[in-house]
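Below is one structure, written out as structure tokens; comments come after it.
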Amino acid sequence: MRSDRPTYASAVSLVVGAVVISACGTASERDATHSSSRSGTAVAFAATDGVRLTGRVFGEGSVGVVLAHMGRGGDTQSDFYPLAHELAERGYLALTYNRRGVCGPCARTCSEGPDDYAGSWRDVVGASELVRSRGATTLVVIGASVGAMASIHAAVTHRIRPAALVEIGGVNHASGYDFSRADLRELEGAKLFVSAAGDGYGGADAAREWHGWANAPKQLE
């Protein structure tokens, strides 16, 4: 019998197209997309070391999706709003958040602490605890760039145990993160490694390497 209930597998399959669409629009097009009807509910929560973070919750459901944004200047949780809205429409609970030390366009959306890449895995753990507290029994984590590296660190050290993990454009041996074959063997659940084939920062090399090291189930795109 076919079930209409959402699964974390369908959330993973949605990621690539939605992230590409959100990254390619102009600023005005993104602003239009991020209207109040699509931007979720504001929340505040703590990372595991007590740093206060700001975020937004979209939708509800037993599958919670944590979205960890990139690390360039100007990158914020709003980069993931289109995907979070789409996930909510499909029956998931999605959480975006500003990494420590990062501010959105309004002062009230600033997360506290220094902009510390190496410590931002603690933000991922705090975000995962928040979606659990809101009723999610299954966890999916999607991270881009340093958000991917922080998510992998949180998972391989078993601070989180996601049913599925998606890394987009992460880089190995950078920004305080250094992963070995033994580390990647610690990843549990389904795994999707994503990069542009010619990524100039090393994302493609990392995706291929991590995919080769990780245990099944896994996929490389």
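In the structure tokens, each chain is lettered A, B, ... as it comes, each chain's residues begin at 1, and ligands are numbered from 1 in order of appearance.
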Contact table stretch 20-130 of chain A vs stretch 151-162 of chain A, cut-off 9 Å, shortest pair per residue, only C-alpha atoms, as a Markdown table:
| residue | atom | partner | partner_atom | distance |
| --- | --- | --- | --- | --- |
| A:Ala68 | CA | A:Ser151 | CA | 7.7 |
| A:Ser120 | CA | A:Ser151 | CA | 8.8 |
| A:Trp121 | CA | A:Ala154 | CA | 5.6 |
| A:Arg122 | CA | A:Ala154 | CA | 7.4 |
| A:Val124 | CA | A:Ser151 | CA | 6.1 |
| A:Val125 | CA | A:Ile160 | CA | 6.3 |
| A:Ser128 | CA | A:Ile160 | CA | 7.2 |
| A:Glu129 | CA | A:Ile160 | CA | 8.7 |
Polymer residues at most 7 Å from A:Arg99, only C-alpha atoms, same-chain spacing of 6 or more positions, as an NGL selection string: :A and (53 or 111 or 120 or 123)
Would you put the residues from that selection into a file with all heavy atoms, as a compact mmCIF listing (two decimals), in the first residue's frame?
# COMPACT_ATOMS: atom_id res chain seq x y z
N LEU A 53 21.47 31.46 19.77
CA LEU A 53 21.31 31.51 18.32
C LEU A 53 19.88 31.90 17.96
O LEU A 53 18.94 31.61 18.69
CB LEU A 53 21.63 30.14 17.71
CG LEU A 53 22.97 29.51 18.09
CD1 LEU A 53 23.08 28.11 17.52
CD2 LEU A 53 24.14 30.37 17.62
N SER A 111 22.82 36.10 15.85
CA SER A 111 23.23 35.07 16.79
C SER A 111 24.45 35.58 17.55
O SER A 111 25.29 36.30 16.99
CB SER A 111 23.56 33.78 16.06
OG SER A 111 22.38 33.15 15.58
N SER A 120 31.34 25.88 15.28
CA SER A 120 29.95 25.94 14.83
C SER A 120 29.26 24.57 14.79
O SER A 120 28.05 24.51 14.61
CB SER A 120 29.85 26.61 13.46
OG SER A 120 30.55 25.88 12.47
N ASP A 123 26.55 24.55 17.20
CA ASP A 123 25.29 25.14 16.74
C ASP A 123 24.39 24.07 16.10
O ASP A 123 23.18 24.06 16.30
CB ASP A 123 25.55 26.25 15.73
CG ASP A 123 26.50 27.32 16.25
OD1 ASP A 123 26.78 27.35 17.47
OD2 ASP A 123 26.98 28.11 15.42
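For the choices A:Ala196, A:Ala118, A:Ala94, A:Ala216, the atom-to-atom distance to A:Gly135 is smallest for A:Ala94 when using only C-alpha atoms.
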Using DSSP on the backbone coordinates, identify all residues within chain A classified as strand (DSSP E); present the result as a PyMOL selection string. chain A and resi 41-46+52-58+63-68+93-97+138-144+164-168+190-194+218-220
Skipping near chain neighbours, those fewer than 4 positions away, what residues fall within 10 Å of A:Phe193 using only C-alpha atoms, listed as a PyMOL selection string? chain A and resi 148+165-170+203-204+206-211+218-221
I need the chosen residues saved as a PDB file, in the first residue's frame, with N, CA and C atoms.
ATOM      1  N   ALA A 148      28.190  22.214   6.185  1.00  0.00           N
ATOM      2  CA  ALA A 148      28.363  20.789   5.915  1.00  0.00           C
ATOM      3  C   ALA A 148      29.448  20.196   6.800  1.00  0.00           C
ATOM      4  N   LEU A 165      21.966  12.557   6.227  1.00  0.00           N
ATOM      5  CA  LEU A 165      22.832  13.731   6.245  1.00  0.00           C
ATOM      6  C   LEU A 165      23.172  14.103   4.810  1.00  0.00           C
ATOM      7  N   VAL A 166      22.996  15.376   4.474  1.00  0.00           N
ATOM      8  CA  VAL A 166      23.329  15.895   3.147  1.00  0.00           C
ATOM      9  C   VAL A 166      24.408  16.953   3.307  1.00  0.00           C
ATOM     10  N   GLU A 167      25.551  16.756   2.641  1.00  0.00           N
ATOM     11  CA  GLU A 167      26.594  17.786   2.662  1.00  0.00           C
ATOM     12  C   GLU A 167      26.705  18.361   1.256  1.00  0.00           C
ATOM     13  N   ILE A 168      26.731  19.702   1.195  1.00  0.00           N
ATOM     14  CA  ILE A 168      26.794  20.404  -0.085  1.00  0.00           C
ATOM     15  C   ILE A 168      28.021  21.305  -0.083  1.00  0.00           C
ATOM     16  N   GLY A 169      29.025  20.969  -0.874  1.00  0.00           N
ATOM     17  CA  GLY A 169      30.183  21.848  -1.044  1.00  0.00           C
ATOM     18  C   GLY A 169      31.096  21.958   0.154  1.00  0.00           C
ATOM     19  N   GLY A 170      31.104  20.965   1.027  1.00  0.00           N
ATOM     20  CA  GLY A 170      32.044  20.975   2.131  1.00  0.00           C
ATOM     21  C   GLY A 170      33.472  20.744   1.649  1.00  0.00           C
ATOM     22  N   GLY A 203      35.555  21.366  -3.015  1.00  0.00           N
ATOM     23  CA  GLY A 203      34.342  20.650  -2.643  1.00  0.00           C
ATOM     24  C   GLY A 203      34.151  19.348  -3.389  1.00  0.00           C
ATOM     25  N   ALA A 204      34.522  19.330  -4.678  1.00  0.00           N
ATOM     26  CA  ALA A 204      34.360  18.107  -5.462  1.00  0.00           C
ATOM     27  C   ALA A 204      35.295  17.015  -4.955  1.00  0.00           C
ATOM     28  N   ALA A 206      36.520  16.718  -1.968  1.00  0.00           N
ATOM     29  CA  ALA A 206      36.042  16.272  -0.659  1.00  0.00           C
ATOM     30  C   ALA A 206      34.844  15.358  -0.799  1.00  0.00           C
ATOM     31  N   ALA A 207      33.899  15.722  -1.665  1.00  0.00           N
ATOM     32  CA  ALA A 207      32.693  14.908  -1.837  1.00  0.00           C
ATOM     33  C   ALA A 207      33.057  13.504  -2.317  1.00  0.00           C
ATOM     34  N   ARG A 208      33.975  13.426  -3.282  1.00  0.00           N
ATOM     35  CA  ARG A 208      34.395  12.109  -3.789  1.00  0.00           C
ATOM     36  C   ARG A 208      35.116  11.311  -2.703  1.00  0.00           C
ATOM     37  N   GLU A 209      35.993  11.981  -1.968  1.00  0.00           N
ATOM     38  CA  GLU A 209      36.753  11.303  -0.921  1.00  0.00           C
ATOM     39  C   GLU A 209      35.829  10.805   0.177  1.00  0.00           C
ATOM     40  N   TRP A 210      34.952  11.679   0.674  1.00  0.00           N
ATOM     41  CA  TRP A 210      34.050  11.299   1.757  1.00  0.00           C
ATOM     42  C   TRP A 210      33.096  10.198   1.320  1.00  0.00           C
ATOM     43  N   HIS A 211      32.599  10.298   0.095  1.00  0.00           N
ATOM     44  CA  HIS A 211      31.707   9.253  -0.415  1.00  0.00           C
ATOM     45  C   HIS A 211      32.434   7.914  -0.458  1.00  0.00           C
ATOM     46  N   LYS A 218      24.696   5.424   0.676  1.00  0.00           N
ATOM     47  CA  LYS A 218      25.346   6.689   0.349  1.00  0.00           C
ATOM     48  C   LYS A 218      25.153   6.981  -1.129  1.00  0.00           C
ATOM     49  N   GLN A 219      25.273   8.255  -1.484  1.00  0.00           N
ATOM     50  CA  GLN A 219      25.143   8.666  -2.879  1.00  0.00           C
ATOM     51  C   GLN A 219      25.999   9.880  -3.112  1.00  0.00           C
ATOM     52  N   LEU A 220      26.590   9.974  -4.321  1.00  0.00           N
ATOM     53  CA  LEU A 220      27.429  11.091  -4.721  1.00  0.00           C
ATOM     54  C   LEU A 220      26.777  11.799  -5.905  1.00  0.00           C
ATOM     55  N   GLU A 221      26.645  13.113  -5.813  1.00  0.00           N
ATOM     56  CA  GLU A 221      26.090  13.902  -6.923  1.00  0.00           C
ATOM     57  C   GLU A 221      27.023  15.064  -7.226  1.00  0.00           C
TER      58      GLU A 221
END
How close does each residue of stretch 75-167 of chain A get to stretch 39-51 of chain A, giving the shortest atom pair and distance in Å to one decimal for every residue with an atom at most 12 Å away, counting only C-alpha atoms, sorted by chain and residue number, as JSON lines?
{"residue": "A:Gln77", "atom": "CA", "partner": "A:Ser39", "partner_atom": "CA", "distance": 10.4}
{"residue": "A:Ser78", "atom": "CA", "partner": "A:Ser39", "partner_atom": "CA", "distance": 8.3}
{"residue": "A:Asp79", "atom": "CA", "partner": "A:Ser39", "partner_atom": "CA", "distance": 11.1}
{"residue": "A:Phe80", "atom": "CA", "partner": "A:Ser39", "partner_atom": "CA", "distance": 9.9}
{"residue": "A:Tyr81", "atom": "CA", "partner": "A:Ser39", "partner_atom": "CA", "distance": 6.3}
{"residue": "A:Pro82", "atom": "CA", "partner": "A:Ser39", "partner_atom": "CA", "distance": 8.4}
{"residue": "A:Leu83", "atom": "CA", "partner": "A:Ser39", "partner_atom": "CA", "distance": 10.6}
{"residue": "A:Ala84", "atom": "CA", "partner": "A:Ser39", "partner_atom": "CA", "distance": 8.5}
{"residue": "A:His85", "atom": "CA", "partner": "A:Ser39", "partner_atom": "CA", "distance": 7.2}
{"residue": "A:Glu86", "atom": "CA", "partner": "A:Ser39", "partner_atom": "CA", "distance": 10.9}
{"residue": "A:Leu87", "atom": "CA", "partner": "A:Gly40", "partner_atom": "CA", "distance": 11.5}
{"residue": "A:Ala88", "atom": "CA", "partner": "A:Gly40", "partner_atom": "CA", "distance": 9.2}
{"residue": "A:Glu89", "atom": "CA", "partner": "A:Gly40", "partner_atom": "CA", "distance": 11.5}
{"residue": "A:Leu93", "atom": "CA", "partner": "A:Gly40", "partner_atom": "CA", "distance": 10.4}
{"residue": "A:Ala94", "atom": "CA", "partner": "A:Gly40", "partner_atom": "CA", "distance": 9.1}
{"residue": "A:Leu95", "atom": "CA", "partner": "A:Gly40", "partner_atom": "CA", "distance": 8.8}
{"residue": "A:Thr96", "atom": "CA", "partner": "A:Gly40", "partner_atom": "CA", "distance": 9.1}
{"residue": "A:Tyr97", "atom": "CA", "partner": "A:Val43", "partner_atom": "CA", "distance": 8.7}
{"residue": "A:Asn98", "atom": "CA", "partner": "A:Ala44", "partner_atom": "CA", "distance": 10.1}
{"residue": "A:Arg99", "atom": "CA", "partner": "A:Ala47", "partner_atom": "CA", "distance": 9.6}
{"residue": "A:Arg100", "atom": "CA", "partner": "A:Val51", "partner_atom": "CA", "distance": 7.3}
{"residue": "A:Gly101", "atom": "CA", "partner": "A:Val51", "partner_atom": "CA", "distance": 9.4}
{"residue": "A:Val102", "atom": "CA", "partner": "A:Val51", "partner_atom": "CA", "distance": 11.9}
{"residue": "A:Arg108", "atom": "CA", "partner": "A:Ala42", "partner_atom": "CA", "distance": 9.9}
{"residue": "A:Thr109", "atom": "CA", "partner": "A:Ala42", "partner_atom": "CA", "distance": 8.6}
{"residue": "A:Cys110", "atom": "CA", "partner": "A:Ala44", "partner_atom": "CA", "distance": 10.1}
{"residue": "A:Ser111", "atom": "CA", "partner": "A:Val51", "partner_atom": "CA", "distance": 7.9}
{"residue": "A:Glu112", "atom": "CA", "partner": "A:Val51", "partner_atom": "CA", "distance": 6.0}
{"residue": "A:Gly113", "atom": "CA", "partner": "A:Val51", "partner_atom": "CA", "distance": 6.1}
{"residue": "A:Pro114", "atom": "CA", "partner": "A:Val51", "partner_atom": "CA", "distance": 9.4}
{"residue": "A:Asp115", "atom": "CA", "partner": "A:Val51", "partner_atom": "CA", "distance": 11.3}
{"residue": "A:Asp116", "atom": "CA", "partner": "A:Val51", "partner_atom": "CA", "distance": 11.4}
{"residue": "A:Gly119", "atom": "CA", "partner": "A:Asp49", "partner_atom": "CA", "distance": 9.3}
{"residue": "A:Ser120", "atom": "CA", "partner": "A:Ala47", "partner_atom": "CA", "distance": 8.6}
{"residue": "A:Trp121", "atom": "CA", "partner": "A:Ala47", "partner_atom": "CA", "distance": 8.7}
{"residue": "A:Arg122", "atom": "CA", "partner": "A:Thr48", "partner_atom": "CA", "distance": 5.3}
{"residue": "A:Asp123", "atom": "CA", "partner": "A:Ala47", "partner_atom": "CA", "distance": 4.6}
{"residue": "A:Val124", "atom": "CA", "partner": "A:Ala47", "partner_atom": "CA", "distance": 7.5}
{"residue": "A:Val125", "atom": "CA", "partner": "A:Thr48", "partner_atom": "CA", "distance": 6.6}
{"residue": "A:Gly126", "atom": "CA", "partner": "A:Ala47", "partner_atom": "CA", "distance": 4.3}
{"residue": "A:Ala127", "atom": "CA", "partner": "A:Ala47", "partner_atom": "CA", "distance": 7.2}
{"residue": "A:Ser128", "atom": "CA", "partner": "A:Ala47", "partner_atom": "CA", "distance": 9.6}
{"residue": "A:Glu129", "atom": "CA", "partner": "A:Ala47", "partner_atom": "CA", "distance": 9.1}
{"residue": "A:Leu130", "atom": "CA", "partner": "A:Phe45", "partner_atom": "CA", "distance": 7.1}
{"residue": "A:Val131", "atom": "CA", "partner": "A:Phe45", "partner_atom": "CA", "distance": 10.5}
{"residue": "A:Ser133", "atom": "CA", "partner": "A:Phe45", "partner_atom": "CA", "distance": 10.9}
{"residue": "A:Arg134", "atom": "CA", "partner": "A:Val43", "partner_atom": "CA", "distance": 11.5}
{"residue": "A:Ala154", "atom": "CA", "partner": "A:Thr48", "partner_atom": "CA", "distance": 11.1}
{"residue": "A:Arg159", "atom": "CA", "partner": "A:Thr48", "partner_atom": "CA", "distance": 9.9}
{"residue": "A:Ile160", "atom": "CA", "partner": "A:Thr48", "partner_atom": "CA", "distance": 11.6}
All residues 8 Å or closer to A:Met70, only C-alpha atoms, same chain fewer than 6 positions away omitted, as a list in words: Thr76, Gly143, Ala144, Ser145, Val146 and Gly147 of chain A
Please produce an output containing N, CA and C atoms for each residue in the selection, written as a CSV table (one decimal), in the first residue's frame.
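Result file part-v3.csv:
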chain,number,residue,atom,x,y,z
A,76,THR,N,23.5,33.8,5.3
A,76,THR,CA,22.7,33.7,6.5
A,76,THR,C,21.7,32.6,6.3
A,143,GLY,N,23.7,20.5,5.3
A,143,GLY,CA,24.7,21.6,5.6
A,143,GLY,C,25.4,22.0,4.3
A,144,ALA,N,25.6,23.3,4.1
A,144,ALA,CA,26.4,23.8,2.9
A,144,ALA,C,27.7,24.4,3.4
A,145,SER,N,28.8,24.1,2.7
A,145,SER,CA,30.1,24.7,2.9
A,145,SER,C,30.5,24.4,4.4
A,146,VAL,N,30.8,25.4,5.2
A,146,VAL,CA,31.2,25.2,6.6
A,146,VAL,C,30.0,24.6,7.3
A,147,GLY,N,28.8,24.8,6.9
A,147,GLY,CA,27.6,24.1,7.5
A,147,GLY,C,27.7,22.6,7.3
Taking the DSSP assignment computed from this structure's backbone, write out as JSON, numbers by chain all residues of chain A that belong to alpha helix (DSSP H). {"A": [8, 9, 10, 11, 12, 13, 14, 15, 16, 17, 18, 19, 20, 21, 22, 23, 24, 27, 28, 29, 30, 31, 32, 33, 81, 82, 83, 84, 85, 86, 87, 88, 89, 121, 122, 123, 124, 125, 126, 127, 128, 129, 130, 131, 132, 133, 146, 147, 148, 149, 150, 151, 152, 153, 154, 155, 156, 181, 182, 183, 184, 185, 203, 204, 205, 206, 207, 208, 209, 210, 211, 212, 213]}
Give me a file of those residues, with C-alpha atoms, as a CSV table (one decimal), in the first residue's frame.
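What landed in out-v1.csv:
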chain,number,residue,atom,x,y,z
A,8,TYR,CA,13.3,11.6,4.9
A,9,ALA,CA,14.4,10.0,1.6
A,10,SER,CA,12.1,12.4,-0.3
A,11,ALA,CA,13.5,15.3,1.6
A,12,VAL,CA,17.0,14.3,0.5
A,13,SER,CA,16.0,14.0,-3.2
A,14,LEU,CA,14.5,17.5,-3.0
A,15,VAL,CA,17.7,19.2,-1.9
A,16,VAL,CA,19.8,19.7,-5.0
A,17,GLY,CA,17.3,21.5,-7.2
A,18,ALA,CA,15.9,23.7,-4.4
A,19,VAL,CA,19.3,24.9,-3.3
A,20,VAL,CA,20.4,25.7,-6.8
A,21,ILE,CA,17.2,27.7,-7.4
A,22,SER,CA,17.7,29.6,-4.2
A,23,ALA,CA,21.3,30.4,-5.0
A,24,CYS,CA,20.7,31.7,-8.6
A,27,ALA,CA,18.6,39.8,-4.4
A,28,SER,CA,15.2,41.3,-5.3
A,29,GLU,CA,13.9,37.9,-6.4
A,30,ARG,CA,15.1,36.3,-3.2
A,31,ASP,CA,13.5,39.1,-1.1
A,32,ALA,CA,10.2,38.5,-2.8
A,33,THR,CA,10.4,34.8,-2.1
A,81,TYR,CA,14.3,29.9,3.3
A,82,PRO,CA,13.0,28.6,-0.1
A,83,LEU,CA,14.0,25.1,0.7
A,84,ALA,CA,12.6,25.3,4.3
A,85,HIS,CA,9.3,26.5,3.0
A,86,GLU,CA,9.1,23.7,0.4
A,87,LEU,CA,9.9,21.1,3.0
A,88,ALA,CA,7.2,22.5,5.3
A,89,GLU,CA,4.7,22.3,2.4
A,121,TRP,CA,29.3,22.2,15.1
A,122,ARG,CA,27.9,23.1,18.6
A,123,ASP,CA,25.3,25.1,16.7
A,124,VAL,CA,24.3,22.1,14.7
A,125,VAL,CA,23.8,20.1,17.8
A,126,GLY,CA,21.7,22.8,19.5
A,127,ALA,CA,19.6,23.1,16.4
A,128,SER,CA,19.1,19.3,16.3
A,129,GLU,CA,18.0,19.4,20.0
A,130,LEU,CA,15.5,22.1,19.1
A,131,VAL,CA,13.7,20.2,16.4
A,132,ARG,CA,13.6,17.1,18.7
A,133,SER,CA,12.0,19.3,21.4
A,146,VAL,CA,31.2,25.2,6.6
A,147,GLY,CA,27.6,24.1,7.5
A,148,ALA,CA,28.4,20.8,5.9
A,149,MET,CA,31.7,20.4,7.7
A,150,ALA,CA,30.1,21.3,11.1
A,151,SER,CA,27.3,18.8,10.5
A,152,ILE,CA,29.7,16.0,9.6
A,153,HIS,CA,31.8,16.7,12.7
A,154,ALA,CA,28.6,16.6,14.9
A,155,ALA,CA,27.6,13.3,13.3
A,156,VAL,CA,31.0,11.5,13.3
A,181,ARG,CA,38.6,7.6,6.6
A,182,ALA,CA,38.0,6.4,10.1
A,183,ASP,CA,36.0,9.5,10.9
A,184,LEU,CA,33.7,9.0,7.9
A,185,ARG,CA,33.1,5.4,8.8
A,203,GLY,CA,34.3,20.6,-2.6
A,204,ALA,CA,34.4,18.1,-5.5
A,205,ASP,CA,37.5,16.4,-4.2
A,206,ALA,CA,36.0,16.3,-0.7
A,207,ALA,CA,32.7,14.9,-1.8
A,208,ARG,CA,34.4,12.1,-3.8
A,209,GLU,CA,36.8,11.3,-0.9
A,210,TRP,CA,34.1,11.3,1.8
A,211,HIS,CA,31.7,9.3,-0.4
A,212,GLY,CA,34.5,6.7,-0.9
A,213,TRP,CA,35.2,6.4,2.8
Given the choices A:Leu139, A:Asp178, A:Cys103, A:Gly73, which gets closest to A:Gly61 if the distance is worked out from only C-alpha atoms?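 Smallest separation from A:Gly61 among the options: A:Leu139.
Counting from atom CA of A:Ala214, the distance to atom CA of A:Glu186 is 7.9 Å.
Take atom CA of A:Gly189 and atom CA of A:Ala163: the distance between them is 4.6 Å.
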Provide the atom CA of A:Gly202 to atom CA of A:Gly74 distance in Å, to one decimal place.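 Between atom CA of A:Gly202 and atom CA of A:Gly74 the gap works out to 20.9 Å.
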Can you pull out every residue within 7 Å of A:Tyr92, counting only C-alpha atoms, but drop anything in the same chain fewer than 6 positions away, and send it as a PyMOL selection string? chain A and resi 59-61+63-64
With distances taken over only C-alpha atoms, the candidate from A:Arg72, A:Ser62, A:Val171, A:Pro105 nearest A:Thr137 is A:Ser62
